[in-house]
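Undergrad: My file is start-v5.csv. It has CSV, C-alpha atoms:
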chain,number,residue,atom,x,y,z
A,141,MET,CA,0.0,0.0,0.0
A,142,LEU,CA,2.9,2.4,0.8
A,143,GLU,CA,4.4,1.8,-2.6
A,144,GLU,CA,1.1,2.5,-4.3
A,145,ASN,CA,0.7,5.7,-2.4
A,146,GLN,CA,4.2,6.8,-3.2
A,147,HIS,CA,3.5,6.1,-6.9
A,148,ALA,CA,0.4,8.2,-6.8
A,149,ASP,CA,2.3,11.1,-5.3
A,150,ARG,CA,5.0,10.8,-8.0
A,151,VAL,CA,2.4,10.8,-10.8
A,152,TYR,CA,0.8,14.0,-9.5
A,153,ALA,CA,4.1,15.7,-9.0
A,154,LEU,CA,5.6,14.9,-12.4
A,155,ALA,CA,2.4,15.3,-14.4
A,156,ASN,CA,2.0,18.8,-13.0
A,157,GLU,CA,5.6,19.9,-14.0
A,158,LYS,CA,5.8,22.2,-17.0
A,159,SER,CA,9.2,21.0,-18.2
A,160,GLY,CA,11.9,18.4,-17.6
A,161,PRO,CA,10.7,14.8,-17.0
A,162,ALA,CA,7.1,15.8,-17.5
A,163,ALA,CA,7.9,16.4,-21.2
A,164,SER,CA,8.5,12.6,-21.7
A,165,PRO,CA,5.9,10.5,-23.5
A,166,ILE,CA,5.0,8.7,-20.3
A,167,THR,CA,4.3,11.8,-18.2
A,168,ALA,CA,2.5,13.4,-21.2
A,169,SER,CA,0.2,10.3,-21.0
A,170,TRP,CA,-0.2,10.8,-17.2
A,171,ARG,CA,-1.3,14.4,-17.8
A,172,ARG,CA,-3.9,13.2,-20.4
A,173,CYS,CA,-5.2,10.7,-17.8
A,174,LEU,CA,-5.6,13.5,-15.2
A,175,THR,CA,-6.9,16.3,-17.3
A,176,ARG,CA,-8.7,14.6,-20.3
A,177,HIS,CA,-9.9,11.3,-18.8
A,178,GLY,CA,-10.5,12.4,-15.2
A,179,LEU,CA,-8.6,9.5,-13.7
A,180,ALA,CA,-6.8,9.4,-10.3
A,181,PRO,CA,-3.8,7.1,-9.9
A,182,GLU,CA,-4.7,6.0,-6.4
A,183,VAL,CA,-8.2,4.9,-7.5
A,184,ALA,CA,-8.3,1.3,-8.9
A,185,HIS,CA,-10.0,1.1,-12.3
A,186,PRO,CA,-10.2,-2.6,-13.3
A,187,PRO,CA,-10.6,-2.9,-17.1
A,188,VAL,CA,-14.3,-2.9,-18.1
A,189,ARG,CA,-15.4,-6.3,-19.4
A,190,LEU,CA,-17.8,-6.4,-22.4
A,191,MET,CA,-20.9,-8.5,-22.1
A,192,ASP,CA,-20.9,-11.6,-24.3
A,193,ALA,CA,-23.3,-10.2,-27.0
A,194,GLU,CA,-21.4,-6.9,-27.2
A,195,PHE,CA,-18.0,-8.8,-27.4
A,196,GLN,CA,-19.3,-11.0,-30.2
A,197,ASP,CA,-20.4,-8.0,-32.1
A,198,VAL,CA,-16.9,-6.3,-31.7
A,199,LEU,CA,-15.2,-9.6,-32.6
A,200,GLY,CA,-17.3,-10.0,-35.7
A,201,ARG,CA,-16.3,-6.5,-37.0
A,202,SER,CA,-12.6,-7.4,-36.6
A,203,GLY,CA,-12.8,-11.1,-37.6
A,204,HIS,CA,-10.7,-10.7,-40.7
A,205,VAL,CA,-8.0,-8.9,-38.7
A,206,VAL,CA,-7.9,-11.6,-36.1
A,207,GLU,CA,-7.7,-14.2,-38.8
A,208,GLU,CA,-4.7,-12.7,-40.4
A,209,ALA,CA,-3.0,-12.1,-37.0
A,210,SER,CA,-3.6,-15.6,-35.5
A,211,PRO,CA,-0.6,-17.4,-37.1
A,212,GLU,CA,1.7,-14.6,-36.1
A,213,LEU,CA,0.4,-14.6,-32.5
A,214,ASP,CA,1.0,-18.3,-32.3
A,215,TRP,CA,4.6,-17.8,-33.5
A,216,LEU,CA,5.3,-14.9,-31.2
A,217,PHE,CA,3.8,-16.7,-28.1
A,218,GLY,CA,6.1,-19.6,-28.9
A,219,MET,CA,9.0,-17.2,-28.5
A,220,VAL,CA,8.0,-15.5,-25.3
A,221,GLY,CA,5.3,-17.6,-23.6
A,222,LYS,CA,7.8,-19.7,-21.5
A,223,ALA,CA,9.3,-16.5,-20.1
A,224,GLY,CA,6.2,-15.7,-18.1
A,225,CYS,CA,4.6,-13.4,-20.7
A,226,CYS,CA,1.0,-13.0,-21.8
A,227,LEU,CA,0.3,-12.1,-25.4
A,228,VAL,CA,-2.8,-9.9,-26.1
A,229,PHE,CA,-4.4,-8.8,-29.4
A,230,THR,CA,-7.0,-6.0,-29.3
A,231,ASP,CA,-9.1,-3.9,-31.6
A,232,SER,CA,-8.6,-0.2,-32.3
A,233,GLU,CA,-10.4,0.7,-29.1
A,234,GLY,CA,-8.4,-1.6,-26.9
A,235,VAL,CA,-10.9,-4.5,-26.5
A,236,VAL,CA,-9.0,-7.8,-26.1
A,237,LEU,CA,-10.0,-10.0,-29.0
A,238,ASP,CA,-7.5,-12.8,-28.7
A,239,ARG,CA,-4.8,-13.8,-26.2
A,240,ARG,CA,-2.2,-16.4,-25.5
A,241,GLY,CA,-1.0,-17.5,-22.1
A,242,VAL,CA,0.4,-20.4,-20.1
A,243,ALA,CA,-2.5,-22.2,-18.2
A,244,SER,CA,-0.7,-22.1,-14.9
A,245,GLU,CA,-0.4,-18.3,-15.1
A,246,ASP,CA,-3.9,-17.6,-16.5
A,247,LYS,CA,-5.5,-16.8,-13.1
A,248,GLU,CA,-2.9,-14.0,-12.4
A,249,PHE,CA,-3.4,-12.4,-15.8
A,250,LYS,CA,-7.2,-12.7,-15.6
A,251,ASP,CA,-7.2,-11.0,-12.2
A,252,LEU,CA,-5.1,-8.2,-13.7
A,253,GLY,CA,-7.7,-7.9,-16.5
A,254,LEU,CA,-5.6,-9.2,-19.4
A,255,TRP,CA,-8.5,-11.4,-20.6
A,256,MET,CA,-10.9,-11.7,-23.5
A,257,GLY,CA,-13.4,-8.9,-23.7
A,258,ALA,CA,-11.5,-6.5,-21.4
A,259,LEU,CA,-11.1,-2.8,-22.4
A,260,TRP,CA,-7.5,-1.5,-22.1
A,261,SER,CA,-7.9,2.0,-23.5
A,262,GLU,CA,-6.0,4.8,-22.0
A,263,ALA,CA,-9.3,6.5,-21.0
A,264,SER,CA,-10.4,3.4,-19.2
A,265,VAL,CA,-7.3,2.3,-17.2
A,266,GLY,CA,-4.8,5.1,-17.7
A,267,THR,CA,-1.3,4.8,-19.1
A,268,ASN,CA,-0.7,1.3,-20.3
A,269,GLY,CA,1.0,-0.4,-23.3
A,270,ILE,CA,-2.1,-1.1,-25.3
A,271,GLY,CA,-4.1,2.1,-24.6
A,272,THR,CA,-1.1,4.4,-25.0
A,273,ALA,CA,0.1,2.8,-28.2
A,274,LEU,CA,-3.3,3.3,-29.6
A,275,ALA,CA,-3.6,6.9,-28.4
A,276,GLU,CA,-0.2,7.9,-29.8
A,277,GLY,CA,-0.2,5.6,-32.9
A,278,ARG,CA,3.3,4.3,-32.2
A,279,MET,CA,5.3,1.5,-30.4
A,280,VAL,CA,5.2,1.9,-26.6
A,281,THR,CA,6.8,0.2,-23.7
A,282,VAL,CA,5.5,0.8,-20.1
A,283,PHE,CA,7.7,-0.6,-17.3
A,284,ARG,CA,6.0,-1.1,-13.9
A,285,ASP,CA,5.7,2.3,-12.2
A,286,GLN,CA,5.4,4.0,-15.6
A,287,HIS,CA,1.8,2.9,-15.5
A,288,PHE,CA,-0.7,5.6,-14.4
A,289,LEU,CA,-2.7,3.5,-12.0
A,290,SER,CA,-1.0,2.4,-8.8
A,291,ALA,CA,-2.8,-0.9,-9.1
A,292,ASN,CA,-0.9,-1.7,-12.4
A,293,ILE,CA,2.6,-1.0,-11.3
A,294,GLY,CA,3.4,-4.7,-11.1
A,295,LEU,CA,3.0,-5.0,-14.9
A,296,SER,CA,5.5,-4.4,-17.7
A,297,CYS,CA,4.3,-4.3,-21.3
A,298,ALA,CA,5.4,-3.6,-24.8
A,299,SER,CA,2.7,-2.8,-27.4
A,300,ALA,CA,2.5,-1.7,-31.0
A,301,PRO,CA,-0.5,-0.6,-33.1
A,302,VAL,CA,-1.4,-2.5,-36.3
A,303,ARG,CA,-2.6,-0.7,-39.4
A,304,ASP,CA,-4.8,-1.8,-42.2
A,305,HIS,CA,-4.2,-1.5,-46.0
A,306,LYS,CA,-5.1,2.2,-45.9
A,307,GLY,CA,-2.8,3.0,-42.9
A,308,ARG,CA,-5.7,3.2,-40.4
A,309,ILE,CA,-5.1,1.7,-36.9
A,310,VAL,CA,-7.3,-1.4,-36.6
A,311,ALA,CA,-5.6,-3.3,-33.7
A,312,ALA,CA,-2.8,-3.5,-31.2
A,313,ILE,CA,-0.5,-6.3,-30.2
A,314,ASP,CA,0.9,-6.5,-26.7
A,315,ILE,CA,3.3,-8.6,-24.6
A,316,SER,CA,2.9,-8.2,-20.8
A,317,THR,CA,4.7,-9.7,-17.9
A,318,ALA,CA,4.1,-9.5,-14.1
A,319,ARG,CA,7.4,-11.2,-13.2
A,320,ARG,CA,9.3,-9.4,-10.5
A,321,ASP,CA,12.6,-10.4,-12.0
A,322,ALA,CA,11.8,-8.8,-15.3
A,323,THR,CA,14.2,-5.9,-15.8
A,324,GLU,CA,13.9,-2.7,-17.9
A,325,MET,CA,16.7,-4.0,-20.1
A,326,VAL,CA,14.3,-6.7,-21.4
A,327,MET,CA,11.8,-4.2,-22.7
A,328,PRO,CA,13.6,-3.2,-25.9
A,329,MET,CA,13.8,-6.9,-26.9
A,330,LEU,CA,10.1,-7.4,-26.3
A,331,ALA,CA,9.4,-4.1,-28.1
A,332,GLN,CA,11.3,-5.3,-31.2
A,333,ALA,CA,9.5,-8.6,-31.2
A,334,VAL,CA,6.1,-6.8,-31.0
A,335,ARG,CA,7.1,-4.3,-33.7
A,336,ASP,CA,8.2,-7.0,-36.1
A,337,SER,CA,5.0,-9.0,-35.5
A,338,ALA,CA,2.8,-6.0,-36.1
A,339,ALA,CA,4.6,-5.3,-39.4
A,340,ARG,CA,4.1,-8.9,-40.6
A,341,ILE,CA,0.4,-8.7,-39.7
A,342,GLU,CA,0.1,-5.4,-41.6
A,343,ILE,CA,1.6,-7.1,-44.7
A,344,ASN,CA,-0.9,-9.9,-44.4
A,345,LEU,CA,-3.8,-7.4,-44.2
A,346,PHE,CA,-2.4,-5.5,-47.2
A,347,ARG,CA,-2.0,-8.7,-49.3
A,348,ARG,CA,-5.5,-9.7,-48.3
A,349,ALA,CA,-7.0,-6.4,-49.4
A,350,TYR,CA,-5.2,-6.5,-52.8
A,351,LYS,CA,-4.9,-10.2,-53.4
A,352,ASP,CA,-5.1,-9.9,-57.2
A,353,ALA,CA,-2.6,-7.0,-57.5
A,354,ARG,CA,1.1,-6.9,-58.0
A,355,ILE,CA,2.9,-5.9,-54.7
A,356,VAL,CA,5.8,-3.5,-55.1
A,357,LEU,CA,8.4,-2.8,-52.4
A,358,VAL,CA,9.2,0.9,-52.2
A,359,GLN,CA,12.6,2.2,-50.9
A,360,SER,CA,12.0,3.9,-47.6
A,361,SER,CA,14.0,5.1,-44.6
A,362,SER,CA,10.9,5.2,-42.4
A,363,HIS,CA,10.5,3.0,-39.4
A,364,ALA,CA,6.7,3.0,-40.0
A,365,GLY,CA,6.7,-0.5,-41.4
A,366,SER,CA,7.0,-2.1,-44.8
A,367,ALA,CA,6.6,0.4,-47.7
A,368,LEU,CA,4.4,-1.5,-50.2
A,369,LEU,CA,2.3,-0.5,-53.2
A,370,ALA,CA,-0.5,-2.5,-54.8
A,371,VAL,CA,-0.4,-2.1,-58.6
A,372,ASP,CA,-2.9,-3.4,-61.2
A,373,ARG,CA,-2.1,-4.9,-64.6
A,374,ASP,CA,-2.1,-1.4,-66.2
A,375,ASP,CA,0.6,-0.2,-63.7
A,376,MET,CA,-2.0,2.0,-61.8
A,377,VAL,CA,-1.6,2.2,-58.0
A,378,LEU,CA,-4.5,0.6,-56.2
A,379,GLY,CA,-3.2,1.0,-52.6
A,380,ALA,CA,-0.3,1.9,-50.4
A,381,THR,CA,0.8,1.0,-46.8
A,382,ARG,CA,1.3,3.8,-44.4
A,383,ALA,CA,5.1,3.6,-44.8
A,384,ALA,CA,4.7,3.9,-48.6
A,385,ARG,CA,2.3,6.9,-48.2
A,386,LEU,CA,4.9,8.7,-46.0
A,387,ALA,CA,7.8,7.9,-48.4
A,388,LEU,CA,5.9,9.0,-51.5
A,389,LYS,CA,3.6,11.7,-49.9
A,390,LEU,CA,0.5,9.8,-51.0
A,391,ASP,CA,-3.0,10.1,-49.7
A,392,ASP,CA,-6.4,8.4,-50.5
A,393,HIS,CA,-7.4,11.2,-52.9
A,394,MET,CA,-4.3,10.8,-55.0
A,395,ILE,CA,-4.6,7.1,-55.1
A,396,ASP,CA,-8.3,7.2,-56.0
A,397,SER,CA,-7.6,9.8,-58.8
A,398,GLY,CA,-5.3,7.3,-60.5
A,399,MET,CA,-1.5,7.4,-60.4
A,400,PRO,CA,0.9,5.2,-62.6
A,401,ALA,CA,3.4,3.4,-60.4
A,402,ALA,CA,6.1,4.3,-62.8
A,403,ASP,CA,5.5,8.0,-62.2
A,404,LEU,CA,5.7,7.6,-58.4
A,405,LEU,CA,8.8,5.4,-58.6
A,406,HIS,CA,10.4,7.7,-61.2
A,407,GLU,CA,10.6,5.0,-63.8
A,408,HIS,CA,9.8,7.4,-66.7
A,409,LEU,CA,10.6,6.4,-70.3
A,410,ASP,CA,11.7,9.0,-72.9
A,411,ALA,CA,8.1,9.6,-74.1
A,412,GLU,CA,4.6,8.2,-73.8
A,413,GLY,CA,4.8,6.6,-77.2
A,414,ARG,CA,8.0,4.7,-76.2
A,415,ASP,CA,6.2,3.6,-73.0
A,416,LEU,CA,3.4,2.1,-75.1
A,417,LEU,CA,5.7,0.4,-77.5
A,418,GLU,CA,7.7,-1.2,-74.6
A,419,ALA,CA,4.5,-2.4,-73.1
A,420,GLU,CA,3.4,-4.0,-76.4
A,421,ARG,CA,6.8,-5.5,-77.0
A,422,ALA,CA,6.8,-7.1,-73.5
A,423,ALA,CA,3.3,-8.5,-73.9
A,424,LEU,CA,4.2,-10.1,-77.3
A,425,ARG,CA,7.4,-11.5,-75.9
A,426,ARG,CA,5.5,-13.2,-73.1
A,427,ALA,CA,2.8,-14.5,-75.5
A,428,LEU,CA,5.5,-16.0,-77.8
A,429,SER,CA,7.4,-17.5,-74.9
A,430,ARG,CA,4.3,-19.2,-73.6
A,431,ASN,CA,3.8,-20.8,-77.1
A,432,ASN,CA,7.5,-21.8,-77.6
A,433,ASN,CA,7.8,-19.0,-80.2
A,434,ASN,CA,5.2,-20.6,-82.4
A,435,VAL,CA,3.7,-17.7,-84.4
A,436,SER,CA,0.6,-19.5,-85.5
A,437,LEU,CA,-0.4,-20.6,-82.0
A,438,THR,CA,0.4,-17.1,-80.6
A,439,ALA,CA,-1.7,-15.4,-83.2
A,440,GLN,CA,-4.6,-17.7,-82.4
A,441,MET,CA,-4.2,-17.1,-78.7
A,442,LEU,CA,-4.2,-13.3,-79.2
A,443,GLY,CA,-7.2,-13.4,-81.6
A,444,ILE,CA,-5.4,-11.9,-84.5
A,445,SER,CA,-4.2,-13.1,-87.9
A,446,ARG,CA,-0.8,-14.6,-88.5
A,447,ALA,CA,0.0,-11.8,-90.9
A,448,THR,CA,-1.0,-9.1,-88.4
A,449,LEU,CA,1.3,-10.7,-85.8
A,450,HIS,CA,4.2,-10.8,-88.3
A,451,ARG,CA,3.7,-7.1,-89.0
A,452,LYS,CA,3.8,-6.3,-85.2
A,453,ILE,CA,7.0,-8.4,-84.8
A,454,ASN,CA,8.6,-6.5,-87.7
A,455,ARG,CA,7.4,-3.1,-86.4
A,456,LEU,CA,8.8,-3.8,-82.9
A,457,GLY,CA,12.1,-5.2,-84.1
A,458,MET,CA,11.6,-8.6,-82.6
A,459,HIS,CA,13.1,-10.7,-85.4
A,460,GLY,CA,15.7,-12.2,-83.0
Represent the structure from my file as structure tokens, please.

TA:
Amino acid sequence: MLEENQHADRVYALANEKSGPAASPITASWRRCLTRHGLAPEVAHPPVRLMDAEFQDVLGRSGHVVEEASPELDWLFGMVGKAGCCLVFTDSEGVVLDRRGVASEDKEFKDLGLWMGALWSEASVGTNGIGTALAEGRMVTVFRDQHFLSANIGLSCASAPVRDHKGRIVAAIDISTARRDATEMVMPMLAQAVRDSAARIEINLFRRAYKDARIVLVQSSSHAGSALLAVDRDDMVLGATRAARLALKLDDHMIDSGMPAADLLHEHLDAEGRDLLEAERAALRRALSRNNNNVSLTAQMLGISRATLHRKINRLGMHG
């Protein structure tokens, strides 16, 4: 109890400072909890648990996200589960949709609220990995007494938001531990594991959204995830991940208006006519190759006469 009271006093003191430590992301979150969410660090706020019907409704809306995340959650839990960690996956509001844990430790994590249907938003339970990562839209680690509520200072967690094919936050992935021997030095490793898993889930969601498109990797120095473009058969951009949008200064309006991938990636040819000729030459080369360079079969496949195909071959300089 003394430790919890001391923590509450520290939260009030640092959150009310105008500079110094109060400028850190953690104390900025504490200030939001006090001023925006009306929370008090000494008052326990167990996570709200959704009723079954409401939880099923929330789960139904995020079903495709959970489906794409599930194999990654299995892999990640295999890496950290034996170290006394609980793995949690939430929606964009912080509702726990899926979790992984060791059966012998389930009661402890359930008592702490890390369970299916629990709400871990910052507004609900103060500064915590899940809620603060969602509030700030970035990777977050919260080590013990960095939590806002005194009741949560036994937890340490690393969390990352997960974005969909349009760069919108749709989920969060979190590793939490209540082990007393967990040190602050462990947190960067857990953070990297969570960040990598979130990035792979985002790739899964992107490929799902554009399953018939060609996926192009964009060069990027951003740490916002994989920079990918989805491109159709006419080289028009269909979609872009958040990292690609940041690297190429793209938004939904620009994508919806129609943009050639070659223009974005600075793959311009000398002129539009040359561009069309190159495209036609490439298409004919592929068609001929599929038919072992048999002109008659290729002409039949393309729905043109053999003479027309010969004229195209001559015009495009493809005699070789």

Undergrad: Expressed in Å to a single decimal, how great is the separation between CA of Thr272 (chain A) and CA of Ala380 (chain A)?

TA: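 Distance reported for this atom pair: 25.5 Å.
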
Undergrad: Would you work out the distance separating CA of Pro181 (chain A) from CA of Leu289 (chain A), expressed in Å to one decimal?

TA: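 Computing it gives 4.3 Å between the two atoms.
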
Undergrad: For Lys306 (chain A), list every protein, DNA or RNA residue within 10 Å, evaluated using all atoms listed in the file, and leave out those in the same chain fewer than 4 positions away; present the list as JSON, numbers by chain.

TA: {"A": [345, 346, 349, 379, 380, 381, 382, 385, 391, 392]}

Undergrad: As a count of residues only, please: the residues near Ser436 (chain A) (cut-off 9 Å, only C-alpha atoms, same-chain neighbours under 3 positions excluded).

TA: 7

Undergrad: Which one of A:Leu213, A:Val282, A:Val377, A:Leu437 sits closest to Arg240 (chain A) if you count only C-alpha atoms?

TA: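 Looking at the shortest contact to Arg240 (chain A), the residue is A:Leu213.
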
Undergrad: One decimal, Å: what's the distance from CA of Asp375 (chain A) over to CA of Val358 (chain A), could you say?

TA: 14.4 Å

Undergrad: Nearest to Ser360 (chain A): which of A:Lys389, A:Arg335, A:Arg278, A:Arg455 is it, counting all atoms listed in the file?

TA: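 Selected residue with least distance to Ser360 (chain A): A:Lys389.
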
Undergrad: Go through A:Ala402, A:Val198, A:Ala370, A:Ala148 and flag the residue nearest Lys351 (chain A), using only C-alpha atoms for the distances.

TA: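 Closest candidate: A:Ala370.
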
Undergrad: Arg171 (chain A): which residues within 7 Å, counting all atoms listed in the file, same-chain residues fewer than 4 positions away excluded, as a VMD selection string?

TA: chain A and resid 155 167 175

Undergrad: Between A:Thr448, A:Ser337, A:Ser169, A:Asn292, which one has atoms that come closest to Ala275 (chain A), using only C-alpha atoms?

TA: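 Ranked by minimum distance to Ala275 (chain A), first place goes to A:Ser169.
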
Undergrad: Which of these, A:Asn434, A:Asn344, A:Ser164, A:Gln196, has the shortest distance to Asp304 (chain A) once you count all atoms listed in the file?

TA: A:Asn344

Undergrad: Select, from A:Ala311, A:Leu190, A:Ala153, A:Ala384, the residue with the minimum atom-to-atom distance to Leu259 (chain A), counting only C-alpha atoms.

TA: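 Closest to Leu259 (chain A) of all the choices is A:Leu190.
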
Undergrad: Just the residues within 9 Å of Ser290 (chain A), please, counting all atoms listed in the file, with nothing from its chain fewer than 6 positions along; format it as a VMD selection string.

TA: chain A and resid 143 to 148 181 to 184

Undergrad: Which residues come within 8 Å of Ser261 (chain A), counting all atoms listed in the file, excluding same-chain residues fewer than 3 positions away, as a list in words?

TA: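 Counting all atoms listed in the file, the residues come to Glu233, Gly234, Val235, Ser264, Val265, Gly266, Asn268, Ile270, Gly271, Thr272 and Leu274 of chain A.
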